Each structure stands twice: as structure tokens, then as C-alpha cells.
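Text of my_file_1.cif (mmCIF, N, CA and C atoms) as supplied:
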data_coords
#
loop_
_atom_site.label_atom_id
_atom_site.label_comp_id
_atom_site.auth_asym_id
_atom_site.auth_seq_id
_atom_site.Cartn_x
_atom_site.Cartn_y
_atom_site.Cartn_z
N MET R 249 30.57 43.25 -1.97
CA MET R 249 31.16 42.39 -0.98
C MET R 249 30.05 41.81 -0.11
N ALA R 250 30.21 40.54 0.27
CA ALA R 250 29.20 39.85 1.08
C ALA R 250 29.23 40.36 2.50
N PRO R 251 28.05 40.41 3.14
CA PRO R 251 28.02 40.85 4.54
C PRO R 251 28.73 39.83 5.42
N PRO R 252 29.32 40.29 6.54
CA PRO R 252 30.02 39.35 7.42
C PRO R 252 29.02 38.37 8.07
N ILE R 253 29.50 37.16 8.33
CA ILE R 253 28.67 36.12 8.93
C ILE R 253 28.78 36.21 10.44
N ASP R 254 27.63 36.33 11.08
CA ASP R 254 27.60 36.39 12.54
C ASP R 254 27.60 34.95 13.08
N PRO R 255 28.60 34.53 13.84
CA PRO R 255 28.65 33.15 14.33
C PRO R 255 27.56 32.83 15.35
N HIS R 256 26.91 33.85 15.90
CA HIS R 256 25.86 33.62 16.90
C HIS R 256 24.47 33.56 16.30
N SER R 257 24.36 33.88 15.03
CA SER R 257 23.04 33.84 14.40
C SER R 257 22.68 32.39 14.06
N PRO R 258 21.39 32.07 14.15
CA PRO R 258 20.99 30.69 13.83
C PRO R 258 21.23 30.41 12.35
N PRO R 259 21.56 29.18 12.01
CA PRO R 259 21.80 28.86 10.60
C PRO R 259 20.50 28.98 9.81
N THR R 260 20.64 29.43 8.58
CA THR R 260 19.46 29.53 7.73
C THR R 260 19.10 28.13 7.28
N ARG R 261 17.82 27.86 7.30
CA ARG R 261 17.35 26.53 6.93
C ARG R 261 16.93 26.55 5.47
N ARG R 262 17.48 25.67 4.73
CA ARG R 262 17.04 25.50 3.36
C ARG R 262 16.41 24.12 3.25
N PRO R 263 15.37 24.02 2.49
CA PRO R 263 14.70 22.73 2.41
C PRO R 263 15.61 21.67 1.79
N ASP R 264 15.61 20.52 2.39
CA ASP R 264 16.42 19.41 1.89
C ASP R 264 15.52 18.49 1.08
N ARG R 265 15.30 18.86 -0.15
CA ARG R 265 14.37 18.12 -1.00
C ARG R 265 14.87 16.72 -1.31
N GLN R 266 16.17 16.50 -1.34
CA GLN R 266 16.68 15.18 -1.66
C GLN R 266 16.21 14.17 -0.62
N ARG R 267 16.29 14.51 0.64
CA ARG R 267 15.82 13.59 1.70
C ARG R 267 14.32 13.36 1.61
N GLU R 268 13.59 14.40 1.30
CA GLU R 268 12.14 14.26 1.18
C GLU R 268 11.77 13.35 0.02
N HIS R 269 12.48 13.50 -1.10
CA HIS R 269 12.21 12.63 -2.24
C HIS R 269 12.62 11.18 -1.94
N GLN R 270 13.73 11.00 -1.24
CA GLN R 270 14.13 9.64 -0.87
C GLN R 270 13.12 9.00 0.08
N ALA R 271 12.59 9.77 1.00
CA ALA R 271 11.55 9.25 1.90
C ALA R 271 10.29 8.90 1.11
N ASN R 272 9.96 9.71 0.13
CA ASN R 272 8.81 9.44 -0.73
C ASN R 272 9.02 8.13 -1.50
N GLU R 273 10.23 7.92 -2.01
CA GLU R 273 10.53 6.69 -2.73
C GLU R 273 10.49 5.48 -1.81
N ARG R 274 10.98 5.61 -0.59
CA ARG R 274 10.91 4.49 0.37
C ARG R 274 9.46 4.14 0.68
N THR R 275 8.63 5.15 0.81
CA THR R 275 7.21 4.91 1.06
C THR R 275 6.58 4.20 -0.13
N PHE R 276 6.92 4.63 -1.32
CA PHE R 276 6.40 3.99 -2.53
C PHE R 276 6.82 2.52 -2.58
N LEU R 277 8.07 2.24 -2.27
CA LEU R 277 8.55 0.86 -2.28
C LEU R 277 7.86 0.01 -1.21
N ALA R 278 7.54 0.60 -0.07
CA ALA R 278 6.79 -0.12 0.96
C ALA R 278 5.39 -0.46 0.46
N TRP R 279 4.77 0.47 -0.26
CA TRP R 279 3.46 0.20 -0.84
C TRP R 279 3.57 -0.95 -1.85
N LEU R 280 4.62 -0.95 -2.65
CA LEU R 280 4.80 -2.02 -3.64
C LEU R 280 4.97 -3.37 -2.95
N ARG R 281 5.77 -3.41 -1.88
CA ARG R 281 5.94 -4.67 -1.15
C ARG R 281 4.61 -5.16 -0.59
N THR R 282 3.82 -4.25 -0.06
CA THR R 282 2.51 -4.62 0.46
C THR R 282 1.62 -5.14 -0.65
N SER R 283 1.64 -4.49 -1.80
CA SER R 283 0.82 -4.91 -2.94
C SER R 283 1.23 -6.29 -3.43
N ILE R 284 2.51 -6.54 -3.53
CA ILE R 284 3.00 -7.85 -3.96
C ILE R 284 2.60 -8.92 -2.95
N SER R 285 2.64 -8.59 -1.67
CA SER R 285 2.21 -9.55 -0.63
C SER R 285 0.73 -9.86 -0.77
N LEU R 286 -0.09 -8.84 -1.02
CA LEU R 286 -1.52 -9.07 -1.20
C LEU R 286 -1.79 -9.96 -2.41
N ILE R 287 -1.09 -9.70 -3.49
CA ILE R 287 -1.27 -10.51 -4.70
C ILE R 287 -0.84 -11.95 -4.44
N GLY R 288 0.30 -12.14 -3.80
CA GLY R 288 0.78 -13.48 -3.50
C GLY R 288 -0.14 -14.22 -2.54
N PHE R 289 -0.61 -13.53 -1.52
CA PHE R 289 -1.51 -14.14 -0.55
C PHE R 289 -2.83 -14.51 -1.21
N GLY R 290 -3.35 -13.64 -2.07
CA GLY R 290 -4.59 -13.93 -2.78
C GLY R 290 -4.44 -15.14 -3.70
N PHE R 291 -3.32 -15.22 -4.38
CA PHE R 291 -3.05 -16.36 -5.25
C PHE R 291 -2.99 -17.65 -4.43
N ALA R 292 -2.32 -17.60 -3.29
CA ALA R 292 -2.19 -18.79 -2.44
C ALA R 292 -3.55 -19.23 -1.91
N ILE R 293 -4.38 -18.29 -1.49
CA ILE R 293 -5.71 -18.65 -0.98
C ILE R 293 -6.56 -19.28 -2.07
N ALA R 294 -6.54 -18.70 -3.26
CA ALA R 294 -7.34 -19.24 -4.36
C ALA R 294 -6.86 -20.65 -4.74
N ARG R 295 -5.58 -20.84 -4.82
CA ARG R 295 -5.03 -22.15 -5.21
C ARG R 295 -5.20 -23.19 -4.10
N PHE R 296 -5.15 -22.74 -2.85
CA PHE R 296 -5.33 -23.67 -1.74
C PHE R 296 -6.75 -24.22 -1.73
N GLY R 297 -7.73 -23.42 -2.08
CA GLY R 297 -9.10 -23.89 -2.18
C GLY R 297 -9.24 -24.97 -3.24
N ILE R 298 -8.57 -24.79 -4.37
CA ILE R 298 -8.59 -25.81 -5.44
C ILE R 298 -7.92 -27.08 -4.94
N PHE R 299 -6.82 -26.93 -4.22
CA PHE R 299 -6.11 -28.08 -3.66
C PHE R 299 -7.00 -28.87 -2.72
N LEU R 300 -7.73 -28.18 -1.86
CA LEU R 300 -8.62 -28.86 -0.92
C LEU R 300 -9.75 -29.59 -1.64
N GLN R 301 -10.26 -29.03 -2.71
CA GLN R 301 -11.31 -29.69 -3.49
C GLN R 301 -10.78 -30.96 -4.15
N GLN R 302 -9.55 -30.92 -4.64
CA GLN R 302 -8.95 -32.10 -5.27
C GLN R 302 -8.56 -33.15 -4.25
N LEU R 303 -8.25 -32.73 -3.05
CA LEU R 303 -7.85 -33.66 -2.00
C LEU R 303 -9.01 -34.55 -1.58
N ASN R 304 -10.20 -34.00 -1.55
CA ASN R 304 -11.38 -34.74 -1.14
C ASN R 304 -12.51 -34.51 -2.14
N PRO R 305 -12.46 -35.13 -3.32
CA PRO R 305 -13.45 -34.85 -4.36
C PRO R 305 -14.84 -35.40 -4.05
N THR R 306 -14.96 -36.35 -3.12
CA THR R 306 -16.26 -36.94 -2.82
C THR R 306 -17.10 -36.05 -1.92
N GLN R 307 -16.44 -35.17 -1.18
CA GLN R 307 -17.18 -34.28 -0.27
C GLN R 307 -17.84 -33.17 -1.07
N ALA R 308 -19.07 -32.87 -0.73
CA ALA R 308 -19.79 -31.79 -1.42
C ALA R 308 -19.16 -30.46 -1.07
N VAL R 309 -19.17 -29.55 -2.01
CA VAL R 309 -18.62 -28.23 -1.78
C VAL R 309 -19.56 -27.47 -0.84
N THR R 310 -19.03 -27.04 0.31
CA THR R 310 -19.85 -26.35 1.30
C THR R 310 -19.62 -24.86 1.32
N ASP R 311 -18.71 -24.39 0.49
CA ASP R 311 -18.45 -22.94 0.46
C ASP R 311 -19.63 -22.21 -0.16
N THR R 312 -20.04 -21.16 0.48
CA THR R 312 -21.03 -20.29 -0.13
C THR R 312 -20.29 -19.37 -1.08
N PRO R 313 -20.97 -18.83 -2.08
CA PRO R 313 -20.27 -17.95 -3.03
C PRO R 313 -19.60 -16.75 -2.37
N VAL R 314 -20.13 -16.27 -1.26
CA VAL R 314 -19.55 -15.10 -0.61
C VAL R 314 -18.22 -15.46 0.06
N PHE R 315 -18.13 -16.67 0.59
CA PHE R 315 -16.94 -17.06 1.36
C PHE R 315 -16.07 -18.09 0.66
N SER R 316 -16.15 -18.20 -0.64
CA SER R 316 -15.31 -19.16 -1.33
C SER R 316 -13.87 -18.65 -1.37
N SER R 317 -12.95 -19.59 -1.26
CA SER R 317 -11.54 -19.20 -1.27
C SER R 317 -11.16 -18.60 -2.62
N ARG R 318 -11.78 -19.07 -3.67
CA ARG R 318 -11.47 -18.53 -4.99
C ARG R 318 -11.86 -17.06 -5.08
N LEU R 319 -13.05 -16.72 -4.61
CA LEU R 319 -13.51 -15.33 -4.68
C LEU R 319 -12.67 -14.42 -3.79
N ILE R 320 -12.34 -14.88 -2.61
CA ILE R 320 -11.51 -14.07 -1.71
C ILE R 320 -10.11 -13.92 -2.28
N GLY R 321 -9.57 -14.98 -2.87
CA GLY R 321 -8.25 -14.89 -3.49
C GLY R 321 -8.22 -13.90 -4.64
N ILE R 322 -9.25 -13.96 -5.48
CA ILE R 322 -9.35 -13.02 -6.60
C ILE R 322 -9.50 -11.59 -6.07
N SER R 323 -10.26 -11.43 -5.00
CA SER R 323 -10.43 -10.09 -4.41
C SER R 323 -9.09 -9.55 -3.89
N LEU R 324 -8.31 -10.41 -3.25
CA LEU R 324 -7.00 -9.96 -2.75
C LEU R 324 -6.06 -9.60 -3.89
N VAL R 325 -6.07 -10.39 -4.94
CA VAL R 325 -5.22 -10.07 -6.10
C VAL R 325 -5.67 -8.74 -6.71
N GLY R 326 -6.97 -8.56 -6.88
CA GLY R 326 -7.48 -7.31 -7.43
C GLY R 326 -7.14 -6.11 -6.55
N PHE R 327 -7.25 -6.30 -5.24
CA PHE R 327 -6.91 -5.22 -4.33
C PHE R 327 -5.41 -4.92 -4.35
N GLY R 328 -4.59 -5.97 -4.54
CA GLY R 328 -3.15 -5.74 -4.68
C GLY R 328 -2.81 -4.92 -5.90
N VAL R 329 -3.48 -5.21 -7.01
CA VAL R 329 -3.27 -4.43 -8.24
C VAL R 329 -3.75 -3.00 -8.04
N PHE R 330 -4.91 -2.84 -7.40
CA PHE R 330 -5.43 -1.51 -7.10
C PHE R 330 -4.46 -0.73 -6.20
N SER R 331 -3.84 -1.43 -5.26
CA SER R 331 -2.88 -0.78 -4.36
C SER R 331 -1.65 -0.27 -5.11
N ILE R 332 -1.22 -1.00 -6.12
CA ILE R 332 -0.08 -0.55 -6.92
C ILE R 332 -0.44 0.74 -7.66
N ILE R 333 -1.62 0.78 -8.23
CA ILE R 333 -2.06 1.99 -8.93
C ILE R 333 -2.18 3.16 -7.96
N LEU R 334 -2.76 2.89 -6.78
CA LEU R 334 -2.90 3.92 -5.76
C LEU R 334 -1.53 4.40 -5.27
N ALA R 335 -0.58 3.49 -5.14
CA ALA R 335 0.77 3.85 -4.69
C ALA R 335 1.45 4.77 -5.71
N ALA R 336 1.31 4.44 -6.98
CA ALA R 336 1.92 5.27 -8.02
C ALA R 336 1.29 6.66 -8.04
N TRP R 337 -0.04 6.71 -7.90
CA TRP R 337 -0.72 8.01 -7.86
C TRP R 337 -0.27 8.82 -6.66
N ARG R 338 -0.21 8.19 -5.49
CA ARG R 338 0.18 8.90 -4.27
C ARG R 338 1.64 9.36 -4.34
N TYR R 339 2.51 8.52 -4.90
CA TYR R 339 3.91 8.90 -5.07
C TYR R 339 4.02 10.16 -5.94
N ASN R 340 3.28 10.19 -7.04
CA ASN R 340 3.33 11.34 -7.93
C ASN R 340 2.79 12.59 -7.25
N GLN R 341 1.70 12.45 -6.49
CA GLN R 341 1.14 13.60 -5.77
C GLN R 341 2.15 14.16 -4.77
N ALA R 342 2.78 13.27 -4.00
CA ALA R 342 3.77 13.71 -3.01
C ALA R 342 4.97 14.35 -3.70
N PHE R 343 5.40 13.77 -4.84
CA PHE R 343 6.53 14.32 -5.58
C PHE R 343 6.25 15.76 -5.99
N LEU R 344 5.07 15.99 -6.56
CA LEU R 344 4.73 17.35 -7.01
C LEU R 344 4.61 18.31 -5.83
N GLN R 345 4.05 17.86 -4.72
CA GLN R 345 3.93 18.71 -3.54
C GLN R 345 5.30 19.06 -2.96
N ILE R 346 6.21 18.10 -2.95
CA ILE R 346 7.57 18.37 -2.46
C ILE R 346 8.25 19.40 -3.35
N GLU R 347 8.12 19.23 -4.65
CA GLU R 347 8.74 20.17 -5.59
C GLU R 347 8.18 21.58 -5.44
N ARG R 348 6.92 21.69 -5.15
CA ARG R 348 6.30 23.01 -4.99
C ARG R 348 6.49 23.58 -3.59
N GLY R 349 7.00 22.76 -2.68
CA GLY R 349 7.20 23.21 -1.31
C GLY R 349 5.91 23.29 -0.51
N ARG R 350 4.89 22.56 -0.92
CA ARG R 350 3.59 22.60 -0.25
C ARG R 350 3.10 21.19 0.03
N TYR R 351 3.88 20.40 0.74
CA TYR R 351 3.49 19.03 1.04
C TYR R 351 2.42 19.00 2.12
N LYS R 352 1.35 18.25 1.86
CA LYS R 352 0.29 18.05 2.85
C LYS R 352 0.02 16.56 2.93
N PRO R 353 0.17 15.96 4.11
CA PRO R 353 -0.11 14.53 4.24
C PRO R 353 -1.58 14.24 3.96
N ASN R 354 -1.85 13.07 3.41
CA ASN R 354 -3.21 12.67 3.08
C ASN R 354 -3.51 11.36 3.80
N ARG R 355 -4.31 11.45 4.85
CA ARG R 355 -4.61 10.25 5.63
C ARG R 355 -5.77 9.46 5.07
N SER R 356 -6.54 10.02 4.18
CA SER R 356 -7.70 9.30 3.65
C SER R 356 -7.28 8.05 2.89
N VAL R 357 -6.17 8.10 2.17
CA VAL R 357 -5.68 6.93 1.45
C VAL R 357 -5.33 5.82 2.43
N ILE R 358 -4.72 6.17 3.55
CA ILE R 358 -4.36 5.19 4.56
C ILE R 358 -5.61 4.53 5.15
N TRP R 359 -6.63 5.33 5.42
CA TRP R 359 -7.87 4.78 5.98
C TRP R 359 -8.57 3.85 4.98
N ILE R 360 -8.58 4.22 3.72
CA ILE R 360 -9.20 3.38 2.69
C ILE R 360 -8.46 2.05 2.58
N LEU R 361 -7.15 2.10 2.50
CA LEU R 361 -6.34 0.90 2.40
C LEU R 361 -6.54 0.01 3.62
N SER R 362 -6.54 0.59 4.81
CA SER R 362 -6.73 -0.18 6.04
C SER R 362 -8.11 -0.82 6.10
N ALA R 363 -9.13 -0.10 5.70
CA ALA R 363 -10.48 -0.64 5.72
C ALA R 363 -10.64 -1.81 4.75
N MET R 364 -10.04 -1.69 3.58
CA MET R 364 -10.17 -2.76 2.59
C MET R 364 -9.41 -4.01 3.03
N VAL R 365 -8.22 -3.85 3.57
CA VAL R 365 -7.46 -5.01 4.04
C VAL R 365 -8.18 -5.67 5.21
N THR R 366 -8.75 -4.87 6.11
CA THR R 366 -9.50 -5.42 7.24
C THR R 366 -10.71 -6.20 6.76
N ALA R 367 -11.45 -5.64 5.81
CA ALA R 367 -12.64 -6.32 5.29
C ALA R 367 -12.27 -7.64 4.62
N LEU R 368 -11.22 -7.64 3.81
CA LEU R 368 -10.80 -8.88 3.16
C LEU R 368 -10.28 -9.89 4.19
N GLY R 369 -9.61 -9.41 5.22
CA GLY R 369 -9.16 -10.31 6.29
C GLY R 369 -10.31 -10.94 7.02
N LEU R 370 -11.35 -10.16 7.30
CA LEU R 370 -12.54 -10.70 7.97
C LEU R 370 -13.26 -11.72 7.10
N LEU R 371 -13.25 -11.51 5.80
CA LEU R 371 -13.87 -12.48 4.90
C LEU R 371 -13.11 -13.80 4.85
N CYS R 372 -11.85 -13.79 5.24
CA CYS R 372 -11.04 -15.03 5.25
C CYS R 372 -11.33 -15.89 6.47
N ILE R 373 -11.91 -15.34 7.52
CA ILE R 373 -12.15 -16.09 8.74
C ILE R 373 -13.00 -17.34 8.51
N PRO R 374 -14.11 -17.28 7.74
CA PRO R 374 -14.88 -18.51 7.53
C PRO R 374 -14.11 -19.63 6.84
N LEU R 375 -13.07 -19.29 6.11
CA LEU R 375 -12.27 -20.32 5.44
C LEU R 375 -11.49 -21.17 6.43
N LEU R 376 -11.33 -20.69 7.64
CA LEU R 376 -10.57 -21.42 8.65
C LEU R 376 -11.38 -22.56 9.28
N PHE R 377 -12.69 -22.55 9.08
CA PHE R 377 -13.55 -23.54 9.73
C PHE R 377 -14.09 -24.55 8.74
#
Go ahead and express the file in the form of C-alpha cells.
Amino acid sequence: MAPPIDPHSPPTRRPDRQREHQANERTFLAWLRTSISLIGFGFAIARFGIFLQQLNPTQAVTDTPVFSSRLIGISLVGFGVFSIILAAWRYNQAFLQIERGRYKPNRSVIWILSAMVTALGLLCIPLLF
């Protein structure tokens, strides 16, 4: 026979893995949206540079190779693809940690992603002038 339940005892906490997995999936989808935005933005920057060259073909190209819109656009597209791979890897790592009951947040991925987006954003500044 089961022991009687004491109404004054605190409820036993059982891990709610379903919510944790749903949160992990939402995070993964946010990473995907960010990656798609980076790819789209990179494509737009690269194509806009071509448009500007066609708009005024008599003007000499003044872009240096480091600050060309084509190179920055390609870099953003490449970084977007890299972000998708990183998102899938991070999703799988979090999934396994949740299943094992040993989830540990990893901030290094966030710092790497932030640094790369900041660097690519700073490289876009010369294109504005």
C-alpha cells in the first residue's frame, strides 16, 4: 500500500523535459532566422554593389578589395551558412545535455557569433561613403 500523502509537504519536483526541449527548439529556430537574415543581407549587399557599378559605368571603381561590397556580401553569406551549421551543432549538444539531465549553458558560442557579426558590420561602414 502507498504511503499517505501529506498535504503540507512540498510537491516533489520532476524535471519537465518537454518544456526544455521546446525551448531548445525555439532557440534553434531563432538561430535559423538569424542565419537566413545574414544570407539575405549578404546577397543584397553583393548585388547592390553590382547595381551601383552598372548605374555609373564611366566612374572608376574606387572600392579597395578589403571593402568591396561583393567581398562583404560573400562574407555575410558564408557566415550565415556557418551559423546554420553552428546552430545545428549547438541544438544537438543542448538536446543531449537535457536528456542526460546535465545542461550547462555555453556562452562562448554567443561571444563568437557576436564578434563575427560586429566585425562584418564594421566592414560595411566604408560602403556607406
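Relative to CA of Ser283 in chain R, atom N of Val329 in chain R is found at 5.9 Å.
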Computed gap from CA of Ile322 in chain R to CA of Asn340 in chain R is 27.5 Å
So that I can check the surroundings of range 331-335 of chain R, please list as a PyMOL selection string every protein, DNA and RNA residue that reaches within 8 Å of it, counting only N, CA and C atoms and ignoring chain neighbours fewer than 6 positions away. chain R and resi 275-277+279-280+282-284+325+341+361
As an exercise, work out the distance from CA of Gly328 in chain R to atom N of Phe291 in chain R in Å and give it to one decimal place. 9.5 Å
For this file, the PyMOL selection byres (((chain R and resi 265 and name CA) around 12) and name CA) selects which residues, as a PyMOL selection string? chain R and resi 261-264+266-272+342-351
Could you pull out all residues of range 282-352 of chain R with a DSSP call of helix (DSSP H, G or I) and give them as JSON, numbers by chain? {"R": [282, 283, 284, 285, 286, 287, 288, 289, 290, 291, 292, 293, 294, 295, 296, 297, 298, 299, 300, 301, 302, 303, 313, 314, 315, 317, 318, 319, 320, 321, 322, 323, 324, 325, 326, 327, 328, 329, 330, 331, 332, 333, 334, 335, 336, 337, 338, 339, 340, 341, 342, 343, 344, 345, 346, 347, 348]}
Once the PyMOL selection byres (((chain R and resi 365-370 and name CA) around 12) and name CA) has been applied to the shown file, what residues remain in the selection, as an mmCIF file with N, CA and C atoms, keeping the file's coordinate frame?
data_model
loop_
_atom_site.group_PDB
_atom_site.id
_atom_site.type_symbol
_atom_site.label_atom_id
_atom_site.label_comp_id
_atom_site.auth_asym_id
_atom_site.auth_seq_id
_atom_site.Cartn_x
_atom_site.Cartn_y
_atom_site.Cartn_z
ATOM 1 N N THR R 282 3.820 -4.250 -0.060
ATOM 2 C CA THR R 282 2.510 -4.620 0.460
ATOM 3 C C THR R 282 1.620 -5.140 -0.650
ATOM 4 N N SER R 283 1.640 -4.490 -1.800
ATOM 5 C CA SER R 283 0.820 -4.910 -2.940
ATOM 6 C C SER R 283 1.230 -6.290 -3.430
ATOM 7 N N SER R 285 2.640 -8.590 -1.670
ATOM 8 C CA SER R 285 2.210 -9.550 -0.630
ATOM 9 C C SER R 285 0.730 -9.860 -0.770
ATOM 10 N N LEU R 286 -0.090 -8.840 -1.020
ATOM 11 C CA LEU R 286 -1.520 -9.070 -1.200
ATOM 12 C C LEU R 286 -1.790 -9.960 -2.410
ATOM 13 N N PHE R 289 -0.610 -13.530 -1.520
ATOM 14 C CA PHE R 289 -1.510 -14.140 -0.550
ATOM 15 C C PHE R 289 -2.830 -14.510 -1.210
ATOM 16 N N GLY R 290 -3.350 -13.640 -2.070
ATOM 17 C CA GLY R 290 -4.590 -13.930 -2.780
ATOM 18 C C GLY R 290 -4.440 -15.140 -3.700
ATOM 19 N N ILE R 293 -4.380 -18.290 -1.490
ATOM 20 C CA ILE R 293 -5.710 -18.650 -0.980
ATOM 21 C C ILE R 293 -6.560 -19.280 -2.070
ATOM 22 N N VAL R 314 -20.130 -16.270 -1.260
ATOM 23 C CA VAL R 314 -19.550 -15.100 -0.610
ATOM 24 C C VAL R 314 -18.220 -15.460 0.060
ATOM 25 N N PHE R 315 -18.130 -16.670 0.590
ATOM 26 C CA PHE R 315 -16.940 -17.060 1.360
ATOM 27 C C PHE R 315 -16.070 -18.090 0.660
ATOM 28 N N SER R 317 -12.950 -19.590 -1.260
ATOM 29 C CA SER R 317 -11.540 -19.200 -1.270
ATOM 30 C C SER R 317 -11.160 -18.600 -2.620
ATOM 31 N N LEU R 319 -13.050 -16.720 -4.610
ATOM 32 C CA LEU R 319 -13.510 -15.330 -4.680
ATOM 33 C C LEU R 319 -12.670 -14.420 -3.790
ATOM 34 N N ILE R 320 -12.340 -14.880 -2.610
ATOM 35 C CA ILE R 320 -11.510 -14.070 -1.710
ATOM 36 C C ILE R 320 -10.110 -13.920 -2.280
ATOM 37 N N GLY R 321 -9.570 -14.980 -2.870
ATOM 38 C CA GLY R 321 -8.250 -14.890 -3.490
ATOM 39 C C GLY R 321 -8.220 -13.900 -4.640
ATOM 40 N N ILE R 322 -9.250 -13.960 -5.480
ATOM 41 C CA ILE R 322 -9.350 -13.020 -6.600
ATOM 42 C C ILE R 322 -9.500 -11.590 -6.070
ATOM 43 N N SER R 323 -10.260 -11.430 -5.000
ATOM 44 C CA SER R 323 -10.430 -10.090 -4.410
ATOM 45 C C SER R 323 -9.090 -9.550 -3.890
ATOM 46 N N LEU R 324 -8.310 -10.410 -3.250
ATOM 47 C CA LEU R 324 -7.000 -9.960 -2.750
ATOM 48 C C LEU R 324 -6.060 -9.600 -3.890
ATOM 49 N N VAL R 325 -6.070 -10.390 -4.940
ATOM 50 C CA VAL R 325 -5.220 -10.070 -6.100
ATOM 51 C C VAL R 325 -5.670 -8.740 -6.710
ATOM 52 N N GLY R 326 -6.970 -8.560 -6.880
ATOM 53 C CA GLY R 326 -7.480 -7.310 -7.430
ATOM 54 C C GLY R 326 -7.140 -6.110 -6.550
ATOM 55 N N PHE R 327 -7.250 -6.300 -5.240
ATOM 56 C CA PHE R 327 -6.910 -5.220 -4.330
ATOM 57 C C PHE R 327 -5.410 -4.920 -4.350
ATOM 58 N N GLY R 328 -4.590 -5.970 -4.540
ATOM 59 C CA GLY R 328 -3.150 -5.740 -4.680
ATOM 60 C C GLY R 328 -2.810 -4.920 -5.900
ATOM 61 N N PHE R 330 -4.910 -2.840 -7.400
ATOM 62 C CA PHE R 330 -5.430 -1.510 -7.100
ATOM 63 C C PHE R 330 -4.460 -0.730 -6.200
ATOM 64 N N SER R 331 -3.840 -1.430 -5.260
ATOM 65 C CA SER R 331 -2.880 -0.780 -4.360
ATOM 66 C C SER R 331 -1.650 -0.270 -5.110
ATOM 67 N N ILE R 358 -4.720 6.170 3.550
ATOM 68 C CA ILE R 358 -4.360 5.190 4.560
ATOM 69 C C ILE R 358 -5.610 4.530 5.150
ATOM 70 N N TRP R 359 -6.630 5.330 5.420
ATOM 71 C CA TRP R 359 -7.870 4.780 5.980
ATOM 72 C C TRP R 359 -8.570 3.850 4.980
ATOM 73 N N ILE R 360 -8.580 4.220 3.720
ATOM 74 C CA ILE R 360 -9.200 3.380 2.690
ATOM 75 C C ILE R 360 -8.460 2.050 2.580
ATOM 76 N N LEU R 361 -7.150 2.100 2.500
ATOM 77 C CA LEU R 361 -6.340 0.900 2.400
ATOM 78 C C LEU R 361 -6.540 0.010 3.620
ATOM 79 N N SER R 362 -6.540 0.590 4.810
ATOM 80 C CA SER R 362 -6.730 -0.180 6.040
ATOM 81 C C SER R 362 -8.110 -0.820 6.100
ATOM 82 N N ALA R 363 -9.130 -0.100 5.700
ATOM 83 C CA ALA R 363 -10.480 -0.640 5.720
ATOM 84 C C ALA R 363 -10.640 -1.810 4.750
ATOM 85 N N MET R 364 -10.040 -1.690 3.580
ATOM 86 C CA MET R 364 -10.170 -2.760 2.590
ATOM 87 C C MET R 364 -9.410 -4.010 3.030
ATOM 88 N N LEU R 371 -13.250 -11.510 5.800
ATOM 89 C CA LEU R 371 -13.870 -12.480 4.900
ATOM 90 C C LEU R 371 -13.110 -13.800 4.850
ATOM 91 N N CYS R 372 -11.850 -13.790 5.240
ATOM 92 C CA CYS R 372 -11.040 -15.030 5.250
ATOM 93 C C CYS R 372 -11.330 -15.890 6.470
ATOM 94 N N ILE R 373 -11.910 -15.340 7.520
ATOM 95 C CA ILE R 373 -12.150 -16.090 8.740
ATOM 96 C C ILE R 373 -13.000 -17.340 8.510
ATOM 97 N N PRO R 374 -14.110 -17.280 7.740
ATOM 98 C CA PRO R 374 -14.880 -18.510 7.530
ATOM 99 C C PRO R 374 -14.110 -19.630 6.840
ATOM 100 N N LEU R 375 -13.070 -19.290 6.110
ATOM 101 C CA LEU R 375 -12.270 -20.320 5.440
ATOM 102 C C LEU R 375 -11.490 -21.170 6.430
ATOM 103 N N LEU R 376 -11.330 -20.690 7.640
ATOM 104 C CA LEU R 376 -10.570 -21.420 8.650
ATOM 105 C C LEU R 376 -11.380 -22.560 9.280
#
